[in-house]
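With mmCIF, C-alpha atoms inside, this is coords.cif:
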data_work
loop_
_atom_site.label_atom_id
_atom_site.label_comp_id
_atom_site.auth_asym_id
_atom_site.auth_seq_id
_atom_site.Cartn_x
_atom_site.Cartn_y
_atom_site.Cartn_z
CA MET A 1 -11.83 -9.56 9.72
CA ASN A 2 -15.32 -9.16 8.32
CA MET A 3 -16.62 -12.04 6.23
CA PRO A 4 -16.09 -10.48 2.76
CA ARG A 5 -12.43 -9.77 3.57
CA THR A 6 -12.03 -13.29 4.95
CA ILE A 7 -13.44 -14.78 1.75
CA LEU A 8 -11.32 -12.46 -0.38
CA VAL A 9 -8.04 -13.35 1.34
CA ALA A 10 -8.86 -17.06 1.47
CA ALA A 11 -9.75 -17.14 -2.24
CA LEU A 12 -6.62 -15.27 -3.29
CA ALA A 13 -4.45 -17.39 -0.97
CA VAL A 14 -5.62 -20.54 -2.76
CA SER A 15 -5.00 -19.11 -6.22
CA GLN A 16 -1.60 -17.62 -5.32
CA ILE A 17 -0.35 -20.82 -3.66
CA LEU A 18 -1.48 -22.78 -6.72
CA GLY A 19 -0.08 -20.20 -9.15
CA TRP A 20 3.39 -19.83 -7.64
CA GLY A 21 3.63 -23.48 -6.60
CA THR A 22 2.94 -24.93 -10.05
CA THR A 23 5.11 -22.47 -11.99
CA TYR A 24 8.01 -20.71 -10.24
CA GLU A 25 8.43 -23.41 -7.57
CA MET A 26 7.77 -26.35 -9.93
CA PRO A 27 11.27 -26.79 -11.49
CA ALA A 28 12.66 -27.64 -8.06
CA VAL A 29 10.66 -30.86 -8.38
CA PHE A 30 10.68 -31.55 -12.13
CA GLY A 31 13.50 -29.41 -13.55
CA ARG A 32 16.10 -32.15 -13.91
CA ALA A 33 13.58 -34.73 -15.13
CA MET A 34 12.35 -32.32 -17.79
CA ALA A 35 15.92 -31.59 -18.86
CA ALA A 36 16.72 -35.29 -19.20
CA ASP A 37 13.59 -36.09 -21.23
CA LEU A 38 13.93 -33.08 -23.53
CA GLY A 39 17.67 -33.45 -24.06
CA LEU A 40 18.46 -30.11 -22.42
CA ALA A 41 21.26 -29.13 -20.08
CA ASN A 42 20.02 -28.63 -16.52
CA GLU A 43 20.80 -24.92 -16.65
CA MET A 44 18.67 -24.57 -19.80
CA ALA A 45 15.75 -26.20 -18.03
CA PHE A 46 16.01 -23.83 -15.08
CA ALA A 47 16.45 -20.89 -17.46
CA GLY A 48 12.71 -21.22 -18.02
CA LEU A 49 12.28 -19.34 -14.75
CA THR A 50 14.33 -16.46 -16.15
CA VAL A 51 12.14 -16.41 -19.27
CA MET A 52 9.06 -16.31 -17.04
CA MET A 53 10.34 -13.48 -14.85
CA LEU A 54 11.53 -11.39 -17.81
CA THR A 55 8.16 -11.79 -19.52
CA MET A 56 6.39 -10.75 -16.32
CA ALA A 57 8.71 -7.75 -16.07
CA PHE A 58 8.06 -6.41 -19.55
CA LEU A 59 4.30 -7.04 -19.38
CA GLY A 60 3.98 -5.40 -15.96
CA PRO A 61 3.10 -1.84 -17.05
CA TRP A 62 0.58 -3.11 -19.61
CA THR A 63 -0.97 -5.35 -16.96
CA GLY A 64 -1.52 -2.30 -14.77
CA ARG A 65 -3.44 -0.57 -17.54
CA GLN A 66 -5.61 -3.66 -18.03
CA ILE A 67 -6.40 -3.81 -14.31
CA ALA A 68 -7.41 -0.15 -14.34
CA ARG A 69 -9.59 -0.70 -17.41
CA HIS A 70 -11.21 -4.08 -16.68
CA GLY A 71 -10.73 -4.68 -12.95
CA ALA A 72 -8.51 -7.17 -11.16
CA SER A 73 -10.98 -10.08 -11.27
CA ARG A 74 -11.09 -10.30 -15.06
CA VAL A 75 -7.33 -9.89 -15.38
CA LEU A 76 -6.75 -12.65 -12.82
CA ALA A 77 -9.17 -14.92 -14.68
CA MET A 78 -7.32 -14.37 -17.96
CA GLY A 79 -4.11 -15.17 -16.11
CA SER A 80 -5.53 -18.52 -14.99
CA VAL A 81 -6.35 -19.41 -18.61
CA LEU A 82 -2.86 -18.43 -19.75
CA MET A 83 -1.17 -20.37 -16.95
CA ALA A 84 -3.23 -23.46 -17.77
CA SER A 85 -2.21 -23.08 -21.42
CA GLY A 86 1.46 -22.67 -20.50
CA LEU A 87 1.46 -25.72 -18.24
CA ALA A 88 -0.25 -27.79 -20.92
CA MET A 89 2.28 -26.62 -23.51
CA LEU A 90 5.09 -27.50 -21.12
CA ALA A 91 3.61 -30.96 -20.63
CA ILE A 92 3.62 -31.69 -24.38
CA SER A 93 6.90 -29.91 -25.19
CA THR A 94 9.37 -31.89 -27.29
CA GLY A 95 12.45 -29.67 -27.38
CA LEU A 96 13.97 -26.29 -26.62
CA LEU A 97 11.63 -24.20 -28.80
CA THR A 98 8.38 -25.56 -27.42
CA TYR A 99 9.83 -25.54 -23.91
CA ALA A 100 10.82 -21.87 -24.18
CA PHE A 101 7.46 -20.96 -25.73
CA ALA A 102 5.67 -22.62 -22.81
CA TRP A 103 7.61 -20.47 -20.34
CA LEU A 104 6.74 -17.34 -22.35
CA ILE A 105 3.06 -18.22 -21.94
CA LEU A 106 3.62 -18.87 -18.22
CA GLY A 107 5.28 -15.46 -17.94
CA ALA A 108 2.23 -13.81 -19.51
CA GLY A 109 0.00 -15.81 -17.18
CA GLY A 110 2.11 -14.82 -14.19
CA SER A 111 1.86 -11.16 -15.10
CA PHE A 112 -1.94 -11.47 -15.12
CA ALA A 113 -2.43 -13.89 -12.22
CA LEU A 114 0.37 -13.44 -9.68
CA THR A 115 1.11 -10.80 -7.03
CA VAL A 116 0.29 -7.43 -8.67
CA PRO A 117 -3.28 -8.20 -9.79
CA ALA A 118 -3.89 -10.19 -6.59
CA PHE A 119 -2.85 -7.22 -4.44
CA ALA A 120 -4.85 -4.92 -6.73
CA ALA A 121 -7.94 -7.05 -6.05
CA VAL A 122 -7.40 -6.50 -2.32
CA VAL A 123 -6.95 -2.74 -2.74
CA GLU A 124 -10.09 -2.49 -4.90
CA ARG A 125 -12.10 -3.73 -1.92
CA GLU A 126 -10.06 -2.46 1.02
CA GLY A 127 -8.70 0.86 -0.21
CA ARG A 128 -6.08 2.41 2.04
CA ASP A 129 -6.77 -0.28 4.65
CA ALA A 130 -5.45 -3.01 2.35
CA ARG A 131 -2.09 -3.36 4.09
CA ARG A 132 -3.36 -5.83 6.71
CA ALA A 133 -5.10 -8.04 4.15
CA ILE A 134 -2.02 -7.98 1.88
CA GLY A 135 0.13 -9.02 4.84
CA ILE A 136 -2.15 -11.98 5.61
CA LEU A 137 -2.16 -12.97 1.93
CA MET A 138 1.65 -12.86 1.79
CA ILE A 139 1.89 -15.19 4.80
CA PHE A 140 -0.15 -17.81 2.96
CA THR A 141 1.62 -17.22 -0.35
CA GLY A 142 4.92 -17.95 1.37
CA LEU A 143 3.66 -21.51 1.87
CA SER A 144 3.41 -22.23 -1.87
CA SER A 145 6.44 -24.52 -2.00
CA ALA A 146 5.51 -26.30 1.23
CA VAL A 147 2.04 -27.07 -0.18
CA CYS A 148 2.83 -27.75 -3.83
CA TRP A 149 6.17 -29.59 -3.67
CA PRO A 150 4.67 -32.68 -1.95
CA LEU A 151 1.61 -32.62 -4.23
CA LEU A 152 3.73 -32.32 -7.37
CA THR A 153 5.99 -35.11 -6.13
CA LEU A 154 3.03 -37.42 -5.56
CA ALA A 155 1.55 -36.56 -8.96
CA GLY A 156 4.93 -37.07 -10.61
CA ASP A 157 5.34 -40.49 -9.01
CA ALA A 158 1.87 -41.49 -10.21
CA PHE A 159 1.73 -39.93 -13.69
CA GLY A 160 5.23 -38.69 -14.55
CA TRP A 161 6.15 -35.03 -14.88
CA ARG A 162 4.06 -34.57 -18.02
CA GLY A 163 0.95 -35.98 -16.37
CA ALA A 164 1.57 -33.92 -13.25
CA LEU A 165 1.80 -30.72 -15.31
CA LEU A 166 -1.42 -31.58 -17.14
CA ALA A 167 -3.05 -32.05 -13.74
CA ALA A 168 -1.68 -28.66 -12.65
CA ALA A 169 -3.13 -27.11 -15.82
CA GLY A 170 -6.48 -28.65 -14.96
CA ALA A 171 -6.26 -27.24 -11.43
CA GLN A 172 -5.82 -23.76 -12.89
CA LEU A 173 -9.06 -24.16 -14.83
CA VAL A 174 -11.05 -26.02 -12.16
CA ILE A 175 -9.86 -24.16 -9.05
CA ALA A 176 -8.10 -20.86 -9.83
CA LEU A 177 -10.31 -19.70 -12.72
CA PRO A 178 -13.64 -20.00 -10.84
CA VAL A 179 -12.04 -18.37 -7.79
CA HIS A 180 -10.89 -15.39 -9.83
CA LEU A 181 -14.22 -15.01 -11.60
CA ALA A 182 -16.00 -15.13 -8.24
CA LEU A 183 -13.88 -12.29 -6.86
CA GLY A 184 -15.91 -9.82 -8.90
CA ARG A 185 -19.04 -10.93 -7.04
CA ILE A 186 -17.66 -10.50 -3.51
CA ALA A 187 -19.60 -7.70 -1.88
CA ILE A 188 -17.78 -4.47 -1.17
CA THR A 189 -18.86 -3.46 2.32
CA ARG A 190 -17.07 -0.12 2.57
CA SER A 191 -19.17 3.03 2.58
CA ALA A 192 -19.42 5.36 -0.41
CA GLU A 193 -17.30 7.87 1.50
CA ASP A 194 -14.56 5.30 2.01
CA ARG A 195 -14.59 4.39 -1.69
CA ALA A 196 -14.42 8.06 -2.63
CA ALA A 197 -11.42 8.39 -0.33
CA ASP A 198 -9.54 5.98 -2.60
CA ALA A 199 -8.85 8.95 -4.89
CA ILE A 200 -7.36 11.08 -2.10
CA GLU A 201 -3.58 11.23 -2.12
CA PRO A 202 -1.99 10.27 1.22
CA LEU A 203 0.63 13.04 0.85
CA ALA A 204 0.73 16.45 -0.79
CA LEU A 205 3.48 15.80 -3.31
CA SER A 206 4.46 18.03 -6.17
CA ARG A 207 4.95 16.35 -9.54
CA GLY A 208 8.72 16.35 -8.98
CA MET A 209 8.38 14.87 -5.49
CA ALA A 210 6.01 12.18 -6.75
CA THR A 211 8.44 11.27 -9.52
CA ALA A 212 11.32 11.13 -7.05
CA ALA A 213 9.25 8.95 -4.71
CA PHE A 214 8.42 6.54 -7.52
CA LEU A 215 12.07 6.28 -8.58
CA LEU A 216 13.26 5.73 -5.01
CA ILE A 217 10.62 3.02 -4.45
CA ALA A 218 11.75 1.36 -7.68
CA LEU A 219 15.40 1.61 -6.63
CA SER A 220 14.93 0.31 -3.09
CA SER A 221 12.66 -2.56 -4.11
CA SER A 222 14.92 -3.60 -6.99
CA LEU A 223 18.03 -3.59 -4.81
CA SER A 224 16.21 -5.60 -2.16
CA SER A 225 15.16 -8.11 -4.82
CA LEU A 226 18.69 -8.30 -6.21
CA MET A 227 20.05 -9.18 -2.80
CA THR A 228 17.38 -11.59 -1.58
CA PHE A 229 16.71 -13.37 -4.89
CA GLY A 230 20.47 -13.51 -5.45
CA LEU A 231 21.41 -14.97 -2.09
CA SER A 232 18.49 -17.38 -1.60
CA PRO A 233 19.50 -19.94 -4.27
CA GLN A 234 23.08 -19.82 -2.90
CA LEU A 235 22.14 -19.84 0.77
CA LEU A 236 23.21 -23.40 1.58
CA HIS A 237 26.49 -22.90 -0.31
CA ILE A 238 27.13 -19.60 1.49
CA LEU A 239 26.48 -21.18 4.89
CA GLU A 240 28.88 -24.04 4.13
CA LEU A 241 31.58 -21.65 2.91
CA SER A 242 31.08 -19.67 6.13
CA GLY A 243 31.76 -22.70 8.31
CA ALA A 244 28.52 -24.68 8.56
CA THR A 245 28.44 -28.42 8.13
CA PRO A 246 26.11 -29.66 5.35
CA ALA A 247 23.61 -30.82 7.99
CA LEU A 248 23.66 -27.48 9.84
CA ALA A 249 23.38 -25.56 6.57
CA LEU A 250 20.26 -27.55 5.65
CA GLN A 251 18.70 -26.94 9.05
CA LEU A 252 19.42 -23.21 8.90
CA GLY A 253 18.18 -23.01 5.31
CA SER A 254 14.87 -24.50 6.41
CA LEU A 255 14.67 -22.07 9.33
CA ARG A 256 15.13 -19.12 6.97
CA ALA A 257 11.65 -19.67 5.49
CA VAL A 258 10.17 -19.92 8.99
CA PHE A 259 11.82 -16.64 9.99
CA GLY A 260 10.52 -14.97 6.81
CA ILE A 261 6.92 -15.99 7.42
CA SER A 262 7.22 -15.12 11.13
CA ALA A 263 8.45 -11.64 10.22
CA ARG A 264 5.36 -11.04 8.10
CA ALA A 265 3.18 -12.23 10.97
CA VAL A 266 4.92 -9.89 13.43
CA ASP A 267 4.50 -6.96 11.06
CA LEU A 268 0.84 -7.89 10.68
CA VAL A 269 0.36 -7.57 14.45
CA LEU A 270 2.33 -4.33 14.69
CA GLY A 271 1.16 -2.91 11.37
CA LYS A 272 -1.23 -0.32 12.85
CA TYR A 273 1.71 1.20 14.74
CA THR A 274 4.09 1.29 11.79
CA SER A 275 4.19 2.38 8.15
CA PRO A 276 5.59 0.74 5.01
CA ILE A 277 8.55 3.13 5.31
CA THR A 278 9.34 1.94 8.83
CA THR A 279 8.93 -1.66 7.70
CA GLY A 280 11.22 -1.08 4.74
CA LEU A 281 13.91 0.56 6.88
CA ALA A 282 13.80 -2.31 9.37
CA GLY A 283 14.03 -4.90 6.60
CA ALA A 284 16.94 -3.17 4.83
CA ALA A 285 18.78 -2.72 8.12
CA MET A 286 18.45 -6.41 8.97
CA LEU A 287 19.58 -7.47 5.50
CA THR A 288 22.60 -5.18 5.70
CA GLY A 289 23.46 -6.42 9.17
CA SER A 290 23.14 -10.07 8.17
CA THR A 291 25.86 -9.96 5.51
CA LEU A 292 28.09 -7.65 7.55
CA LEU A 293 27.93 -10.26 10.29
CA LEU A 294 29.24 -12.99 7.96
CA ILE A 295 31.99 -10.72 6.63
CA PHE A 296 33.39 -9.85 10.05
CA TRP A 297 32.23 -12.73 12.27
CA SER A 298 31.71 -16.11 10.62
CA GLY A 299 32.69 -19.67 11.31
CA THR A 300 30.80 -20.18 14.57
CA PRO A 301 27.36 -21.77 14.93
CA SER A 302 26.05 -18.74 16.82
CA SER A 303 27.06 -16.31 14.07
CA LEU A 304 25.42 -18.52 11.44
CA VAL A 305 22.19 -18.72 13.44
CA ILE A 306 22.12 -14.93 13.92
CA PHE A 307 22.84 -14.43 10.20
CA THR A 308 19.97 -16.74 9.25
CA ALA A 309 17.59 -14.98 11.63
CA LEU A 310 18.53 -11.50 10.38
CA TYR A 311 18.41 -12.57 6.73
CA GLY A 312 15.12 -14.46 7.16
CA PHE A 313 13.37 -11.68 9.07
CA GLY A 314 14.85 -9.02 6.80
CA SER A 315 13.79 -10.71 3.58
CA GLY A 316 10.29 -11.36 4.90
CA VAL A 317 9.78 -7.80 6.11
CA SER A 318 11.32 -6.34 2.93
CA ALA A 319 8.94 -8.36 0.75
CA LEU A 320 5.97 -6.91 2.62
CA ALA A 321 7.41 -3.39 2.35
CA ARG A 322 7.84 -3.80 -1.43
CA ALA A 323 4.17 -4.78 -1.75
CA THR A 324 2.71 -1.98 0.36
CA MET A 325 5.10 0.94 -0.20
CA PRO A 326 3.01 2.44 -3.07
CA LEU A 327 0.09 2.89 -0.64
CA ALA A 328 2.26 5.21 1.46
CA PHE A 329 2.82 7.64 -1.43
CA PHE A 330 -0.01 7.20 -3.93
CA SER A 331 -3.79 6.96 -3.68
CA ALA A 332 -5.49 3.57 -3.55
CA SER A 333 -7.07 4.28 -6.93
CA ARG A 334 -3.59 4.44 -8.49
CA PHE A 335 -2.18 1.42 -6.63
CA ALA A 336 -2.61 -1.11 -9.45
CA ARG A 337 -0.98 1.02 -12.13
CA GLN A 338 1.92 2.15 -9.95
CA SER A 339 2.56 -1.37 -8.63
CA ALA A 340 2.50 -2.76 -12.16
CA ARG A 341 5.00 -0.13 -13.30
CA LEU A 342 7.21 -1.01 -10.34
CA SER A 343 7.04 -4.69 -11.28
CA LEU A 344 9.19 -4.00 -14.36
CA PRO A 345 12.44 -3.20 -12.49
CA GLN A 346 11.60 -5.63 -9.67
CA ASN A 347 11.09 -8.60 -11.97
CA LEU A 348 14.17 -7.68 -14.00
CA ALA A 349 16.10 -7.77 -10.72
CA ASN A 350 14.47 -11.10 -9.81
CA ALA A 351 15.52 -12.60 -13.15
CA THR A 352 19.07 -11.21 -13.01
CA ALA A 353 19.88 -11.79 -9.34
CA PRO A 354 20.57 -15.58 -9.25
CA VAL A 355 22.88 -15.44 -12.26
CA LEU A 356 24.71 -12.33 -11.00
CA MET A 357 25.26 -13.56 -7.45
CA THR A 358 26.28 -17.05 -8.54
CA ALA A 359 28.83 -15.64 -10.99
CA VAL A 360 30.29 -13.27 -8.40
CA ILE A 361 30.62 -15.94 -5.69
CA ASP A 362 32.02 -18.57 -8.05
CA ARG A 363 34.50 -16.27 -9.78
CA ALA A 364 35.48 -13.76 -7.08
CA GLY A 365 34.81 -15.65 -3.86
CA ILE A 366 32.38 -15.56 -0.97
CA SER A 367 33.80 -12.35 0.54
CA THR A 368 33.21 -10.41 -2.68
CA GLY A 369 29.71 -11.83 -2.97
CA LEU A 370 28.83 -10.84 0.60
CA THR A 371 30.34 -7.37 0.07
CA LEU A 372 28.19 -6.88 -3.03
CA ALA A 373 25.10 -8.03 -1.13
CA THR A 374 25.90 -5.61 1.69
CA LEU A 375 26.27 -2.69 -0.73
CA LEU A 376 22.95 -3.55 -2.37
CA ALA A 377 21.12 -3.68 0.96
CA ALA A 378 22.80 -0.54 2.33
CA THR A 379 22.01 1.45 -0.82
CA GLY A 380 18.40 0.27 -0.56
CA PHE A 381 18.35 1.49 3.05
CA ALA A 382 19.59 4.90 1.89
CA ALA A 383 16.88 5.04 -0.78
CA ILE A 384 14.18 4.36 1.84
CA LEU A 385 15.67 7.13 4.01
CA GLY A 386 15.13 9.41 0.99
CA LEU A 387 11.52 8.24 0.86
CA ALA A 388 11.14 9.08 4.55
CA VAL A 389 12.32 12.65 3.84
CA ILE A 390 9.83 13.00 0.96
CA ALA A 391 7.01 11.63 3.11
CA ARG A 392 7.79 14.09 5.90
CA ARG A 393 7.79 17.02 3.47
CA GLY A 394 4.52 15.79 1.96
CA ARG A 395 2.86 15.62 5.39
CA VAL A 396 4.08 19.09 6.34
CA GLU A 397 3.01 20.72 3.09
CA GLY A 398 -0.30 18.92 2.88
CA ALA A 399 -1.46 19.13 6.50
CA GLY A 400 -5.20 19.58 6.44
CA SER A 401 -5.46 19.82 2.66
CA PRO A 402 -5.83 16.36 1.02
CA THR A 403 -5.51 16.32 -2.73
CA ILE A 404 -7.37 14.23 -5.27
CA SER A 405 -5.28 11.99 -7.46
CA PRO A 406 -5.00 12.81 -11.13
CA SER A 407 -6.91 10.57 -13.49
CA SER A 408 -3.71 9.42 -15.22
#
As structure tokens, what does this structure read like?
Amino acid sequence: MNMPRTILVAALAVSQILGWGTTYEMPAVFGRAMAADLGLANEMAFAGLTVMMLTMAFLGPWTGRQIARHGASRVLAMGSVLMASGLAMLAISTGLLTYAFAWLILGAGGSFALTVPAFAAVVEREGRDARRAIGILMIFTGLSSAVCWPLLTLAGDAFGWRGALLAAAGAQLVIALPVHLALGRIAITRSAEDRAADAIEPLALSRGMATAAFLLIALSSSLSSLMTFGLSPQLLHILELSGATPALALQLGSLRAVFGISARAVDLVLGKYTSPITTGLAGAAMLTGSTLLLIFWSGTPSSLVIFTALYGFGSGVSALARATMPLAFFSASRFARQSARLSLPQNLANATAPVLMTAVIDRAGISTGLTLATLLAATGFAAILGLAVIARRGRVEGAGSPTISPSS
């Protein structure tokens, strides 16, 4: 990588690890302590994550417009301020109302500071070549819990959960905010011709084909999120119900994260030979195969290991496909707005998935839960096949005649 790209990815990796680790991942460390101190049921404490994801979902389209108008750096900086405010409010919360309000602020901060604007910052500087940098960034972002859980635990032991959250708020202002403001000053080394190419559509799509592509991307990414975000919180329980001992389930659960990060690394190496569509198909196929395996062949250590590998690789590859799929169908200049629009159904799926999958498994049994997960993954695979057909038609119809993206 050239130096500006190295600095860009390193800066965003720090801010994304800090952002996800002190918000979405934080209740795993402090959730029950916060519930006890505030007089809340445990499920109410963890419902803060649902509030955050729903807020991010509904603010997603508006965030895209702000990125297009002001640039990713300024939006990310505002997100840092909002996240610091939300963490501080959480630290001084006294009951349900102030607790919920804090998570609303964190949701607004997440919409401005997590994932979509971070990837938009990469695309602003890398254009169509952003896929590799996004892949590297996602590898580091996947380490957010591994980095922040120990730090939050140490801070909690020293200062209590309130003091630890105030420290996290300070980190947003002292570390993430300067990083985001500095992004606007990182030199863009691409030529003027390369920057002009950002407005060129990768495929010659009619308005109807472009609409169909957008809807299929939204469908496939939302179904993938429903499955992976639904199964992940239940993974240890699913493994035990499928025949694993508690110790084996814990070992396999830890391996799942390793497989997910490894899958992103493998795709990074092979990325120049593949496309987001190929990546998406591979991820959906592995996710479908993983749950089919448990339905028809469970109860043995080997089947559980293969399931974990397929599920881990599939979820990791699918996450990368969700992030980069818009670049396969829309110009780089429209990436931020399209990704932000796609974040609405994706984040709604993220917020709904744990509740849905838990209810299905608890009320209807593990077989019904795995069948539902299989249907979600298989339908997502079919949606990506539809995208492959649209892409092929777009390449045939647009061979040799690139089109400029509309200003909208």
*Name the residues that the PyMOL selection byres ((chain A and resi 313-319) around 7) picks from the file above, as a PyMOL selection string, using the file's chain letters and numbers.*
chain A and resi 228+259-261+263-264+279-280+283-284+286-287+309-312+320-323
Dump C-alpha atoms for the selected residues as a short mmCIF file (atom, residue, chain, number, x, y, z; two decimals), in the coordinates of the input?
data_model
loop_
_atom_site.label_atom_id
_atom_site.label_comp_id
_atom_site.auth_asym_id
_atom_site.auth_seq_id
_atom_site.Cartn_x
_atom_site.Cartn_y
_atom_site.Cartn_z
CA THR A 228 17.38 -11.59 -1.58
CA PHE A 259 11.82 -16.64 9.99
CA GLY A 260 10.52 -14.97 6.81
CA ILE A 261 6.92 -15.99 7.42
CA ALA A 263 8.45 -11.64 10.22
CA ARG A 264 5.36 -11.04 8.10
CA THR A 279 8.93 -1.66 7.70
CA GLY A 280 11.22 -1.08 4.74
CA GLY A 283 14.03 -4.90 6.60
CA ALA A 284 16.94 -3.17 4.83
CA MET A 286 18.45 -6.41 8.97
CA LEU A 287 19.58 -7.47 5.50
CA ALA A 309 17.59 -14.98 11.63
CA LEU A 310 18.53 -11.50 10.38
CA TYR A 311 18.41 -12.57 6.73
CA GLY A 312 15.12 -14.46 7.16
CA LEU A 320 5.97 -6.91 2.62
CA ALA A 321 7.41 -3.39 2.35
CA ARG A 322 7.84 -3.80 -1.43
CA ALA A 323 4.17 -4.78 -1.75
#
*Have a look at A:Leu235, A:Ala391, A:Ala11, A:Ala120 and name the one nearest to A:Thr278; count all atoms listed in the file.*
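Among the listed residues, A:Ala391 lies closest to A:Thr278.
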How close does stretch 199-281 of chain A get to stretch 355-358 of chain A? List, as JSON lines, each residue of stretch 199-281 of chain A within 9 Å, its nearest atom pair and the distance in Å to one decimal, counting only C-alpha atoms.
{"residue": "A:Leu226", "atom": "CA", "partner": "A:Met357", "partner_atom": "CA", "distance": 8.5}
{"residue": "A:Met227", "atom": "CA", "partner": "A:Met357", "partner_atom": "CA", "distance": 8.2}
{"residue": "A:Phe229", "atom": "CA", "partner": "A:Met357", "partner_atom": "CA", "distance": 8.9}
{"residue": "A:Gly230", "atom": "CA", "partner": "A:Met357", "partner_atom": "CA", "distance": 5.2}
{"residue": "A:Leu231", "atom": "CA", "partner": "A:Met357", "partner_atom": "CA", "distance": 6.7}
{"residue": "A:Pro233", "atom": "CA", "partner": "A:Thr358", "partner_atom": "CA", "distance": 8.5}
{"residue": "A:Gln234", "atom": "CA", "partner": "A:Thr358", "partner_atom": "CA", "distance": 7.1}
*Nearby residues (all atoms listed in the file) at most 9 Å from A:Ile136, same-chain spacing under 6 positions excluded, as a PyMOL selection string*: chain A and resi 9+13+264-265+268
Could you take the residues named above and write them with C-alpha atoms, as a PDB file, keeping the file's coordinate frame?
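After the write, out-v1.pdb holds the following:
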ATOM      1  CA  VAL A   9      -8.040 -13.350   1.340  1.00  0.00           C
ATOM      2  CA  ALA A  13      -4.450 -17.390  -0.970  1.00  0.00           C
ATOM      3  CA  ARG A 264       5.360 -11.040   8.100  1.00  0.00           C
ATOM      4  CA  ALA A 265       3.180 -12.230  10.970  1.00  0.00           C
ATOM      5  CA  LEU A 268       0.840  -7.890  10.680  1.00  0.00           C
TER       6      LEU A 268
END
*asked:* Here is a test: counting all atoms listed in the file, which residue of A:Thr141, A:Thr6, A:Gln346, A:Ser206 is nearest to A:Phe58?
replied: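 The closest residue to A:Phe58 is A:Gln346.
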*Distance of atom CA of A:Ala353 from atom CA of A:Met53, expressed in Å to one decimal place*: 11.1 Å
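Coordinates place atom CA of A:Ala373 at a distance of 10.6 Å from atom CA of A:Gly289.
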_Picked residues, the PyMOL selection byres ((chain A and resi 100) around 12), expected as a PyMOL selection string_ = chain A and resi 38+40+44-52+55+86-87+89-90+93-99+101-107
How about saving the chosen residues, C-alpha atoms kept, as a PDB file, in the frame of the given file?
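See part-v4.pdb below for the written result:
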ATOM      1  CA  LEU A  38      13.930 -33.080 -23.530  1.00  0.00           C
ATOM      2  CA  LEU A  40      18.460 -30.110 -22.420  1.00  0.00           C
ATOM      3  CA  MET A  44      18.670 -24.570 -19.800  1.00  0.00           C
ATOM      4  CA  ALA A  45      15.750 -26.200 -18.030  1.00  0.00           C
ATOM      5  CA  PHE A  46      16.010 -23.830 -15.080  1.00  0.00           C
ATOM      6  CA  ALA A  47      16.450 -20.890 -17.460  1.00  0.00           C
ATOM      7  CA  GLY A  48      12.710 -21.220 -18.020  1.00  0.00           C
ATOM      8  CA  LEU A  49      12.280 -19.340 -14.750  1.00  0.00           C
ATOM      9  CA  THR A  50      14.330 -16.460 -16.150  1.00  0.00           C
ATOM     10  CA  VAL A  51      12.140 -16.410 -19.270  1.00  0.00           C
ATOM     11  CA  MET A  52       9.060 -16.310 -17.040  1.00  0.00           C
ATOM     12  CA  THR A  55       8.160 -11.790 -19.520  1.00  0.00           C
ATOM     13  CA  GLY A  86       1.460 -22.670 -20.500  1.00  0.00           C
ATOM     14  CA  LEU A  87       1.460 -25.720 -18.240  1.00  0.00           C
ATOM     15  CA  MET A  89       2.280 -26.620 -23.510  1.00  0.00           C
ATOM     16  CA  LEU A  90       5.090 -27.500 -21.120  1.00  0.00           C
ATOM     17  CA  SER A  93       6.900 -29.910 -25.190  1.00  0.00           C
ATOM     18  CA  THR A  94       9.370 -31.890 -27.290  1.00  0.00           C
ATOM     19  CA  GLY A  95      12.450 -29.670 -27.380  1.00  0.00           C
ATOM     20  CA  LEU A  96      13.970 -26.290 -26.620  1.00  0.00           C
ATOM     21  CA  LEU A  97      11.630 -24.200 -28.800  1.00  0.00           C
ATOM     22  CA  THR A  98       8.380 -25.560 -27.420  1.00  0.00           C
ATOM     23  CA  TYR A  99       9.830 -25.540 -23.910  1.00  0.00           C
ATOM     24  CA  PHE A 101       7.460 -20.960 -25.730  1.00  0.00           C
ATOM     25  CA  ALA A 102       5.670 -22.620 -22.810  1.00  0.00           C
ATOM     26  CA  TRP A 103       7.610 -20.470 -20.340  1.00  0.00           C
ATOM     27  CA  LEU A 104       6.740 -17.340 -22.350  1.00  0.00           C
ATOM     28  CA  ILE A 105       3.060 -18.220 -21.940  1.00  0.00           C
ATOM     29  CA  LEU A 106       3.620 -18.870 -18.220  1.00  0.00           C
ATOM     30  CA  GLY A 107       5.280 -15.460 -17.940  1.00  0.00           C
TER      31      GLY A 107
END
Could you pull the residues within 9 Å of A:Ala168, counting all atoms listed in the file, minus those fewer than 5 positions along the same chain, as a short mmCIF file (atom, residue, chain, number, x, y, z; two decimals) with C-alpha atoms, in the coordinates of the input?
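Result written to part.cif:
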data_model
loop_
_atom_site.label_atom_id
_atom_site.label_comp_id
_atom_site.auth_asym_id
_atom_site.auth_seq_id
_atom_site.Cartn_x
_atom_site.Cartn_y
_atom_site.Cartn_z
CA LEU A 18 -1.48 -22.78 -6.72
CA THR A 22 2.94 -24.93 -10.05
CA ALA A 84 -3.23 -23.46 -17.77
CA LEU A 87 1.46 -25.72 -18.24
CA ALA A 88 -0.25 -27.79 -20.92
CA LEU A 152 3.73 -32.32 -7.37
CA GLY A 163 0.95 -35.98 -16.37
CA LEU A 173 -9.06 -24.16 -14.83
#
*Nearby residues (all atoms listed in the file) at most 9 Å from stretch 66-81 of chain A, same-chain spacing under 2 positions excluded, as a PyMOL selection string*: chain A and resi 15+19+61-64+83-86+106+108-114+117-122+124+169+172-173+176-184+333-334+336-337
